[in-house]
file work-v4.cif (mmCIF, C-alpha atoms)
data_coords
#
loop_
_atom_site.label_atom_id
_atom_site.label_comp_id
_atom_site.auth_asym_id
_atom_site.auth_seq_id
_atom_site.Cartn_x
_atom_site.Cartn_y
_atom_site.Cartn_z
CA MET A 1 -26.27 -9.67 -36.38
CA ASP A 2 -29.10 -8.13 -38.42
CA THR A 3 -28.15 -10.27 -41.41
CA LEU A 4 -28.36 -13.61 -39.60
CA SER A 5 -31.85 -14.24 -40.93
CA GLU A 6 -30.42 -14.17 -44.47
CA PHE A 7 -28.55 -17.35 -43.49
CA VAL A 8 -31.68 -19.19 -42.37
CA SER A 9 -33.66 -20.93 -45.13
CA ASP A 10 -37.36 -21.69 -44.93
CA TYR A 11 -38.74 -25.05 -46.07
CA PRO A 12 -42.55 -25.26 -45.85
CA ASP A 13 -44.11 -28.65 -44.99
CA PHE A 14 -40.87 -30.23 -43.75
CA PRO A 15 -40.44 -32.73 -42.14
CA LYS A 16 -44.23 -32.95 -42.36
CA GLU A 17 -47.20 -30.92 -43.60
CA GLY A 18 -47.89 -27.75 -41.68
CA ILE A 19 -44.36 -27.36 -40.32
CA LEU A 20 -42.25 -24.48 -41.61
CA PHE A 21 -38.72 -25.82 -41.22
CA LYS A 22 -35.98 -23.29 -40.45
CA ASP A 23 -32.72 -24.58 -41.92
CA ILE A 24 -29.54 -23.36 -40.22
CA MET A 25 -27.17 -25.06 -42.68
CA PRO A 26 -26.46 -21.83 -44.63
CA ILE A 27 -25.02 -20.36 -41.40
CA LEU A 28 -22.49 -23.21 -41.26
CA ALA A 29 -21.58 -22.69 -44.90
CA SER A 30 -20.35 -19.18 -44.06
CA PRO A 31 -17.24 -19.28 -41.83
CA LYS A 32 -17.74 -15.61 -41.02
CA MET A 33 -21.39 -15.88 -39.98
CA PHE A 34 -20.90 -19.18 -38.15
CA SER A 35 -17.97 -17.75 -36.19
CA GLU A 36 -19.95 -14.59 -35.36
CA VAL A 37 -22.91 -16.60 -34.08
CA VAL A 38 -20.69 -18.86 -31.97
CA GLU A 39 -18.79 -15.86 -30.60
CA ASN A 40 -22.03 -14.15 -29.58
CA MET A 41 -23.41 -17.28 -27.95
CA ALA A 42 -20.17 -18.06 -26.13
CA SER A 43 -19.85 -14.56 -24.71
CA SER A 44 -23.37 -14.43 -23.25
CA GLU A 45 -23.83 -14.10 -19.48
CA ILE A 46 -25.58 -17.47 -19.38
CA VAL A 47 -22.60 -19.30 -20.85
CA LYS A 48 -20.15 -17.34 -18.70
CA LYS A 49 -22.01 -18.27 -15.52
CA ALA A 50 -22.48 -21.96 -16.39
CA GLU A 51 -19.93 -24.53 -15.28
CA ALA A 52 -20.60 -26.81 -18.24
CA ILE A 53 -22.48 -26.91 -21.55
CA ILE A 54 -25.15 -29.46 -22.40
CA ALA A 55 -25.62 -29.86 -26.16
CA ILE A 56 -28.78 -31.52 -27.46
CA GLU A 57 -28.49 -34.12 -30.25
CA SER A 58 -27.93 -33.57 -33.15
CA ARG A 59 -27.83 -29.97 -34.34
CA GLY A 60 -27.20 -28.78 -30.80
CA PHE A 61 -23.86 -30.59 -31.04
CA ILE A 62 -22.79 -28.23 -33.81
CA PHE A 63 -23.23 -25.09 -31.73
CA GLY A 64 -22.52 -26.64 -28.31
CA SER A 65 -19.16 -27.95 -29.44
CA ALA A 66 -17.96 -24.68 -30.93
CA ILE A 67 -19.19 -22.73 -27.89
CA ALA A 68 -17.45 -25.16 -25.51
CA ILE A 69 -14.15 -24.59 -27.32
CA LYS A 70 -14.57 -20.79 -27.40
CA ALA A 71 -15.64 -20.55 -23.76
CA ALA A 72 -13.25 -23.32 -22.55
CA LYS A 73 -16.08 -25.11 -20.73
CA PRO A 74 -16.73 -28.85 -20.46
CA LEU A 75 -19.14 -30.22 -23.07
CA ILE A 76 -21.80 -32.79 -22.18
CA THR A 77 -24.17 -34.41 -24.68
CA ALA A 78 -27.90 -35.08 -24.24
CA ARG A 79 -28.55 -37.94 -26.65
CA LYS A 80 -31.37 -39.94 -28.16
CA PRO A 81 -32.03 -43.33 -26.54
CA GLY A 82 -29.49 -46.09 -27.06
CA LYS A 83 -26.61 -43.88 -28.15
CA LEU A 84 -24.72 -43.35 -24.89
CA PRO A 85 -22.97 -46.11 -22.95
CA GLY A 86 -22.66 -46.33 -19.17
CA ASP A 87 -24.86 -45.26 -16.27
CA LEU A 88 -27.49 -42.90 -17.70
CA VAL A 89 -30.14 -40.46 -16.53
CA LYS A 90 -33.18 -40.61 -18.81
CA LYS A 91 -36.28 -38.45 -19.38
CA ASN A 92 -39.16 -38.68 -21.85
CA TYR A 93 -40.57 -35.70 -23.73
CA THR A 94 -43.09 -34.83 -26.45
CA LEU A 95 -42.17 -32.44 -29.21
CA GLU A 96 -43.59 -30.65 -32.23
CA TYR A 97 -43.52 -33.77 -34.39
CA GLY A 98 -43.33 -36.89 -32.25
CA GLU A 99 -42.27 -38.31 -28.90
CA SER A 100 -38.85 -39.37 -27.69
CA SER A 101 -36.48 -39.33 -24.72
CA LEU A 102 -33.06 -37.93 -23.91
CA GLU A 103 -30.21 -39.51 -21.99
CA ILE A 104 -27.15 -38.05 -20.28
CA GLN A 105 -24.24 -39.93 -18.70
CA ARG A 106 -24.51 -39.58 -14.93
CA SER A 107 -20.73 -39.37 -14.58
CA ALA A 108 -20.62 -36.35 -16.91
CA LEU A 109 -22.82 -34.31 -14.56
CA LYS A 110 -21.29 -35.15 -11.23
CA SER A 111 -18.60 -32.42 -10.89
CA PHE A 112 -20.96 -29.53 -11.66
CA SER A 113 -24.20 -27.94 -10.47
CA ASP A 114 -24.99 -25.18 -13.01
CA PHE A 115 -25.46 -25.92 -16.69
CA VAL A 116 -26.38 -24.06 -19.87
CA ILE A 117 -28.44 -25.92 -22.48
CA VAL A 118 -27.44 -25.37 -26.11
CA ASP A 119 -29.48 -26.20 -29.19
CA ASP A 120 -29.99 -24.78 -32.66
CA LEU A 121 -33.67 -23.94 -32.31
CA LEU A 122 -36.29 -23.38 -29.64
CA ALA A 123 -39.81 -24.25 -30.80
CA THR A 124 -42.32 -25.38 -28.17
CA GLY A 125 -39.49 -25.83 -25.67
CA GLY A 126 -40.27 -29.52 -25.10
CA THR A 127 -36.71 -30.72 -25.61
CA ALA A 128 -35.17 -28.02 -23.45
CA GLU A 129 -37.76 -28.65 -20.72
CA CYS A 130 -36.84 -32.35 -20.83
CA VAL A 131 -33.18 -31.51 -20.12
CA ILE A 132 -34.16 -29.09 -17.34
CA LYS A 133 -36.22 -31.83 -15.65
CA LEU A 134 -33.52 -34.41 -16.22
CA LEU A 135 -31.02 -32.13 -14.43
CA ASN A 136 -33.48 -31.51 -11.59
CA LYS A 137 -33.86 -35.27 -11.12
CA CYS A 138 -30.11 -35.29 -10.38
CA LYS A 139 -30.32 -32.26 -8.05
CA LYS A 140 -28.62 -30.10 -10.67
CA ARG A 141 -29.92 -27.03 -12.48
CA ALA A 142 -30.05 -25.41 -15.88
CA ILE A 143 -29.28 -21.72 -15.42
CA GLY A 144 -30.22 -20.82 -18.98
CA ILE A 145 -30.73 -21.82 -22.58
CA SER A 146 -28.70 -20.60 -25.52
CA ILE A 147 -30.13 -21.20 -28.99
CA VAL A 148 -29.68 -19.72 -32.43
CA ILE A 149 -33.31 -19.50 -33.55
CA GLU A 150 -36.39 -18.88 -31.42
CA LEU A 151 -39.86 -19.49 -32.84
CA SER A 152 -41.67 -16.96 -30.66
CA ALA A 153 -45.16 -17.96 -31.82
CA LEU A 154 -44.74 -21.35 -30.13
CA LYS A 155 -44.35 -19.60 -26.76
CA ALA A 156 -41.55 -21.64 -25.19
CA ARG A 157 -40.93 -18.74 -22.79
CA LYS A 158 -44.33 -19.40 -21.18
CA ARG A 159 -43.25 -22.93 -20.40
CA ILE A 160 -39.63 -22.32 -19.46
CA ASN A 161 -38.80 -19.98 -16.60
CA ILE A 162 -35.03 -19.72 -16.94
CA PRO A 163 -33.19 -17.11 -19.07
CA ILE A 164 -33.21 -17.75 -22.81
CA ASP A 165 -30.59 -16.24 -25.10
CA SER A 166 -31.54 -16.41 -28.79
CA GLN A 167 -29.68 -14.96 -31.76
CA VAL A 168 -32.73 -14.43 -33.93
CA ALA A 169 -36.47 -14.72 -33.30
CA TYR A 170 -39.38 -15.34 -35.70
CA MET B 1 -1.05 -36.25 -27.33
CA ASP B 2 0.17 -39.40 -25.62
CA THR B 3 -2.47 -39.05 -22.93
CA LEU B 4 -5.43 -38.89 -25.31
CA SER B 5 -6.19 -42.57 -24.74
CA GLU B 6 -6.79 -41.78 -21.06
CA PHE B 7 -9.79 -39.75 -22.23
CA VAL B 8 -11.33 -42.61 -24.20
CA SER B 9 -13.46 -45.04 -22.18
CA ASP B 10 -14.07 -48.65 -23.17
CA TYR B 11 -17.57 -50.18 -22.93
CA PRO B 12 -17.64 -53.89 -23.85
CA ASP B 13 -20.77 -55.25 -25.56
CA PHE B 14 -22.20 -51.83 -26.45
CA PRO B 15 -24.40 -51.14 -28.38
CA LYS B 16 -24.57 -54.91 -28.86
CA GLU B 17 -22.69 -58.06 -27.85
CA GLY B 18 -19.21 -58.41 -29.27
CA ILE B 19 -18.68 -54.69 -29.90
CA LEU B 20 -16.11 -52.85 -27.77
CA PHE B 21 -17.47 -49.30 -27.74
CA LYS B 22 -14.92 -46.48 -27.57
CA ASP B 23 -16.53 -43.53 -25.79
CA ILE B 24 -15.10 -40.10 -26.66
CA MET B 25 -17.27 -38.20 -24.15
CA PRO B 26 -14.44 -37.86 -21.57
CA ILE B 27 -12.46 -35.88 -24.18
CA LEU B 28 -15.31 -33.34 -24.37
CA ALA B 29 -15.45 -33.12 -20.58
CA SER B 30 -11.88 -31.77 -20.57
CA PRO B 31 -11.67 -28.33 -22.18
CA LYS B 32 -7.88 -28.69 -22.41
CA MET B 33 -7.89 -32.10 -24.10
CA PHE B 34 -10.83 -31.26 -26.38
CA SER B 35 -9.15 -28.05 -27.49
CA GLU B 36 -5.84 -29.88 -28.11
CA VAL B 37 -7.53 -32.55 -30.22
CA VAL B 38 -9.44 -29.96 -32.28
CA GLU B 39 -6.28 -27.86 -32.72
CA ASN B 40 -4.35 -30.90 -34.00
CA MET B 41 -7.11 -31.94 -36.36
CA ALA B 42 -7.64 -28.40 -37.68
CA SER B 43 -3.93 -27.87 -38.38
CA SER B 44 -3.49 -31.09 -40.41
CA GLU B 45 -2.46 -30.86 -44.07
CA ILE B 46 -5.72 -32.55 -45.09
CA VAL B 47 -7.86 -29.86 -43.45
CA LYS B 48 -5.62 -27.08 -44.75
CA LYS B 49 -5.93 -28.34 -48.34
CA ALA B 50 -9.69 -28.93 -48.22
CA GLU B 51 -12.09 -26.20 -49.31
CA ALA B 52 -14.83 -27.37 -46.96
CA ILE B 53 -15.48 -29.81 -44.12
CA ILE B 54 -18.08 -32.57 -44.22
CA ALA B 55 -19.12 -33.69 -40.73
CA ILE B 56 -20.90 -37.02 -40.33
CA GLU B 57 -23.95 -37.21 -38.03
CA SER B 58 -23.94 -37.18 -35.05
CA ARG B 59 -20.61 -37.33 -33.21
CA GLY B 60 -18.82 -36.09 -36.32
CA PHE B 61 -20.75 -32.83 -35.83
CA ILE B 62 -18.92 -32.29 -32.54
CA PHE B 63 -15.45 -32.37 -34.07
CA GLY B 64 -16.39 -31.07 -37.52
CA SER B 65 -17.96 -27.96 -36.07
CA ALA B 66 -15.03 -27.05 -33.84
CA ILE B 67 -12.56 -27.73 -36.67
CA ALA B 68 -14.58 -25.58 -39.07
CA ILE B 69 -14.42 -22.67 -36.64
CA LYS B 70 -10.67 -23.11 -35.96
CA ALA B 71 -9.78 -23.52 -39.62
CA ALA B 72 -12.34 -20.95 -40.86
CA LYS B 73 -13.71 -23.37 -43.46
CA PRO B 74 -17.33 -23.95 -44.50
CA LEU B 75 -19.09 -26.77 -42.64
CA ILE B 76 -21.39 -29.21 -44.43
CA THR B 77 -23.36 -31.97 -42.72
CA ALA B 78 -23.85 -35.55 -43.92
CA ARG B 79 -27.08 -36.60 -42.20
CA LYS B 80 -29.22 -39.63 -41.61
CA PRO B 81 -32.27 -39.96 -43.90
CA GLY B 82 -35.16 -37.55 -43.42
CA LYS B 83 -33.24 -34.91 -41.48
CA LEU B 84 -32.18 -32.49 -44.20
CA PRO B 85 -34.61 -30.41 -46.27
CA GLY B 86 -34.15 -29.42 -49.91
CA ASP B 87 -32.54 -31.07 -52.93
CA LEU B 88 -30.41 -33.94 -51.58
CA VAL B 89 -27.74 -36.36 -52.75
CA LYS B 90 -28.21 -39.75 -51.08
CA LYS B 91 -26.10 -42.92 -50.72
CA ASN B 92 -26.70 -46.19 -48.86
CA TYR B 93 -24.06 -47.94 -46.76
CA THR B 94 -23.61 -50.91 -44.45
CA LEU B 95 -21.76 -50.50 -41.16
CA GLU B 96 -20.49 -52.47 -38.18
CA TYR B 97 -23.95 -52.76 -36.66
CA GLY B 98 -26.68 -52.22 -39.24
CA GLU B 99 -27.49 -50.50 -42.52
CA SER B 100 -28.40 -46.90 -43.29
CA SER B 101 -27.90 -44.05 -45.72
CA LEU B 102 -26.46 -40.56 -45.66
CA GLU B 103 -27.76 -37.39 -47.29
CA ILE B 104 -26.10 -34.10 -48.16
CA GLN B 105 -27.74 -30.94 -49.50
CA ARG B 106 -26.74 -30.54 -53.14
CA SER B 107 -26.56 -26.75 -52.77
CA ALA B 108 -23.99 -27.09 -49.96
CA LEU B 109 -21.50 -28.84 -52.26
CA LYS B 110 -21.81 -26.73 -55.35
CA SER B 111 -19.13 -24.07 -54.74
CA PHE B 112 -16.35 -26.54 -53.89
CA SER B 113 -14.51 -29.52 -55.33
CA ASP B 114 -12.20 -30.77 -52.53
CA PHE B 115 -13.57 -31.87 -49.16
CA VAL B 116 -12.28 -33.37 -45.91
CA ILE B 117 -14.52 -35.84 -44.09
CA VAL B 118 -14.65 -35.50 -40.29
CA ASP B 119 -15.95 -38.06 -37.82
CA ASP B 120 -15.14 -39.20 -34.30
CA LEU B 121 -14.18 -42.77 -35.14
CA LEU B 122 -13.09 -44.87 -38.10
CA ALA B 123 -14.07 -48.52 -37.75
CA THR B 124 -14.66 -50.53 -40.95
CA GLY B 125 -14.74 -47.29 -42.94
CA GLY B 126 -18.22 -47.93 -44.30
CA THR B 127 -19.59 -44.52 -43.39
CA ALA B 128 -16.58 -42.63 -44.73
CA GLU B 129 -16.66 -44.68 -47.94
CA CYS B 130 -20.33 -43.76 -48.31
CA VAL B 131 -19.48 -40.05 -48.20
CA ILE B 132 -16.58 -40.53 -50.65
CA LYS B 133 -18.92 -42.24 -53.14
CA LEU B 134 -21.63 -39.67 -52.57
CA LEU B 135 -19.15 -36.91 -53.45
CA ASN B 136 -17.97 -38.82 -56.52
CA LYS B 137 -21.59 -39.09 -57.72
CA CYS B 138 -21.56 -35.27 -57.76
CA LYS B 139 -18.15 -35.08 -59.53
CA LYS B 140 -16.53 -33.88 -56.30
CA ARG B 141 -13.80 -35.51 -54.25
CA ALA B 142 -12.82 -36.26 -50.68
CA ILE B 143 -9.11 -35.46 -50.34
CA GLY B 144 -8.84 -37.01 -46.88
CA ILE B 145 -10.43 -38.15 -43.67
CA SER B 146 -9.82 -36.68 -40.24
CA ILE B 147 -10.98 -38.70 -37.25
CA VAL B 148 -10.16 -38.88 -33.56
CA ILE B 149 -10.03 -42.66 -33.08
CA GLU B 150 -8.97 -45.31 -35.59
CA LEU B 151 -9.74 -48.97 -34.95
CA SER B 152 -6.81 -50.40 -36.93
CA ALA B 153 -7.91 -54.02 -36.59
CA LEU B 154 -10.97 -53.27 -38.75
CA LYS B 155 -8.66 -52.30 -41.64
CA ALA B 156 -10.46 -49.25 -43.02
CA ARG B 157 -7.19 -48.24 -44.73
CA LYS B 158 -7.46 -51.29 -47.01
CA ARG B 159 -10.85 -50.06 -48.19
CA ILE B 160 -10.16 -46.35 -48.37
CA ASN B 161 -7.39 -45.02 -50.57
CA ILE B 162 -7.27 -41.38 -49.53
CA PRO B 163 -5.13 -39.97 -46.67
CA ILE B 164 -6.42 -40.64 -43.16
CA ASP B 165 -5.41 -38.49 -40.20
CA SER B 166 -6.22 -40.09 -36.82
CA GLN B 167 -5.36 -38.80 -33.36
CA VAL B 168 -5.13 -42.20 -31.69
CA ALA B 169 -5.21 -45.77 -33.05
CA TYR B 170 -6.16 -49.04 -31.36
#
call {"tool": "encode", "arguments": {"input": "work-v4.cif", "output": "structure tokens"}}
result
Amino acid sequence: MDTLSEFVSDYPDFPKEGILFKDIMPILASPKMFSEVVENMASSEIVKKAEAIIAIESRGFIFGSAIAIKAAKPLITARKPGKLPGDLVKKNYTLEYGESSLEIQRSALKSFSDFVIVDDLLATGGTAECVIKLLNKCKKRAIGISIVIELSALKARKRINIPIDSQVAY
Amino acid sequence: MDTLSEFVSDYPDFPKEGILFKDIMPILASPKMFSEVVENMASSEIVKKAEAIIAIESRGFIFGSAIAIKAAKPLITARKPGKLPGDLVKKNYTLEYGESSLEIQRSALKSFSDFVIVDDLLATGGTAECVIKLLNKCKKRAIGISIVIELSALKARKRINIPIDSQVAY
């Protein structure tokens, strides 16, 4: 996987000044690299041990979905407010550029206790922490986080005390 | 696939009054059904003939990603405004409940001419038509649309004159 970083493009000052945006789209454009990344994520201990996968909207859907198929695990979505119908569990969070909340359908969680959180990128860890707390509110737990890119300088590992599996770190 | 409709939940008056929301989340909760749906979509003639897959944000990412992996085709995302960095092609559209626009990275399109559009649901066809026109602006073409759910009463087929492959119609 030493060439994965060649498939991540840097965009300075996006979406706003001072942010160096890491674009994962070139990974998706390469069937070989995309498949390799998904294979590695799906075969991790964290994913193996989890009963179900929680994918964070929107780019988390891309990896969460492919991992769910590879690992044959149920896929659950954590979505932005107003997107999911039904009885929801909700939690607010602050992130690198803004504030928002995430919602999960209560019915989607009920058959399981141990979940893995999947997203494309881990920055400050605010979004992942939101999902961890949301699960805890329901007496469930996140047993780990699987992401493609980790921005180590933002120290999410200081904030999050469950195993983190990243494919490439900056 | 005659049981697929058992994995689609109805929510009346969501996200607003008068809309009957079709929720695909129960499909994702069943590894067997999700895998079957993705397998069927990925093995369609439309997907086979296409050089690359365009997945529409956000639920289209879920199916587009899994299909891209199964079919070993490049995956391109059509995103809501402000989400993608770089040089973009943009097109406005009106849909069942509101107005928006979609953006695609110009660099993602450049190596291909024939694309398949993937989404979870086809209602009035406004979103799909937006992507078709966006591709045409770039002298590219959509050779078909692959979706899970088709709402036949909304007559998207009258508006869209390329092949449409749906897994279940209402």
call {"tool": "resolve_selection", "arguments": {"input": "work-v4.cif", "expression": "the PyMOL selection byres ((chain B and resi 10) around 7)", "output": "list in words"}}
result
Val8, Ser9, Tyr11, Pro12, Leu20, Phe21, Lys22 and Asp23 of chain B
call {"tool": "atom_distance", "arguments": {"input": "work-v4.cif", "atom1": "CA of Phe61 in chain B", "atom2": "CA of Lys133 in chain A"}}
result
25.4 Å
call {"tool": "closest_residue", "arguments": {"input": "work-v4.cif", "among": "B:Arg141, B:Thr3, B:Gly125, B:Ala29", "to": "Lys110 in chain A", "atoms": "all atoms listed in the file"}}
result
B:Ala29
call {"tool": "resolve_selection", "arguments": {"input": "work-v4.cif", "expression": "the PyMOL selection byres ((chain A) within 8 of (chain B))", "output": "ChimeraX atom specification"}}
result
/A:11,14-15,21,23,25-26,28-32,34-35,57-59,61-66,68-69,72-77,82-83,85-86,108
call {"tool": "atom_distance", "arguments": {"input": "work-v4.cif", "atom1": "CA of Lys155 in chain B", "atom2": "CA of Lys49 in chain B"}}
result
25.0 Å
call {"tool": "atom_distance", "arguments": {"input": "work-v4.cif", "atom1": "CA of Glu45 in chain B", "atom2": "CA of Ile160 in chain B"}}
result
17.8 Å
call {"tool": "residues_around", "arguments": {"input": "work-v4.cif", "residues": "Ser152 in chain B", "least_positions_apart": "3", "cutoff": "12 Å", "atoms": "only C-alpha atoms", "output": "ChimeraX atom specification"}}
result
/B:121-125,149,155-159,164,166,168-170
call {"tool": "closest_residue", "arguments": {"input": "work-v4.cif", "among": "A:Ser146, A:Asn136, A:Ser111, A:Asn161", "to": "Val47 in chain A", "atoms": "all atoms listed in the file"}}
result
A:Ser146
call {"tool": "resolve_selection", "arguments": {"input": "work-v4.cif", "expression": "the PyMOL selection byres ((chain A and resi 81) around 10)", "output": "JSON, numbers by chain"}}
result
{"A": [78, 79, 80, 82, 83, 84, 88, 90, 91, 92, 100, 101, 102, 103, 104]}
call {"tool": "residues_near_point", "arguments": {"input": "work-v4.cif", "point": "(-11.0, -38.8, -51.4)", "cutoff": "9 Å", "atoms": "all atoms listed in the file", "output": "NGL selection string"}}
result
:B and (114-117 or 129 or 132-133 or 135-136 or 140-145 or 160-163)
call {"tool": "axis_aligned_box", "arguments": {"input": "work-v4.cif", "around": "range 23-37 of chain A", "padding_each_side": "4 Å", "output": "lines of an AutoDock Vina configuration file"}}
result
center_x = -25.0
center_y = -19.8
center_z = -39.5
size_x = 23.5
size_y = 18.5
size_z = 18.8
call {"tool": "decode", "arguments": {"input": "work-v4.cif", "residues": "range 153-168 of chain A", "atoms": "C-alpha atoms", "output": "mmCIF file, in the first residue's frame"}}
result
data_model
loop_
_atom_site.group_PDB
_atom_site.id
_atom_site.type_symbol
_atom_site.label_atom_id
_atom_site.label_comp_id
_atom_site.auth_asym_id
_atom_site.auth_seq_id
_atom_site.Cartn_x
_atom_site.Cartn_y
_atom_site.Cartn_z
ATOM 1 C CA ALA A 153 -1.283 16.299 13.386
ATOM 2 C CA LEU A 154 -4.898 16.827 14.472
ATOM 3 C CA LYS A 155 -4.433 14.217 17.222
ATOM 4 C CA ALA A 156 -7.732 12.340 17.023
ATOM 5 C CA ARG A 157 -6.069 9.441 18.867
ATOM 6 C CA LYS A 158 -5.787 11.635 21.975
ATOM 7 C CA ARG A 159 -9.531 12.132 21.948
ATOM 8 C CA ILE A 160 -10.643 8.662 20.897
ATOM 9 C CA ASN A 161 -9.683 5.657 22.999
ATOM 10 C CA ILE A 162 -10.805 2.809 20.758
ATOM 11 C CA PRO A 163 -8.633 1.126 18.091
ATOM 12 C CA ILE A 164 -8.159 3.095 14.878
ATOM 13 C CA ASP A 165 -7.211 1.395 11.620
ATOM 14 C CA SER A 166 -5.985 3.838 8.959
ATOM 15 C CA GLN A 167 -4.609 3.048 5.511
ATOM 16 C CA VAL A 168 -2.377 6.087 5.263
#
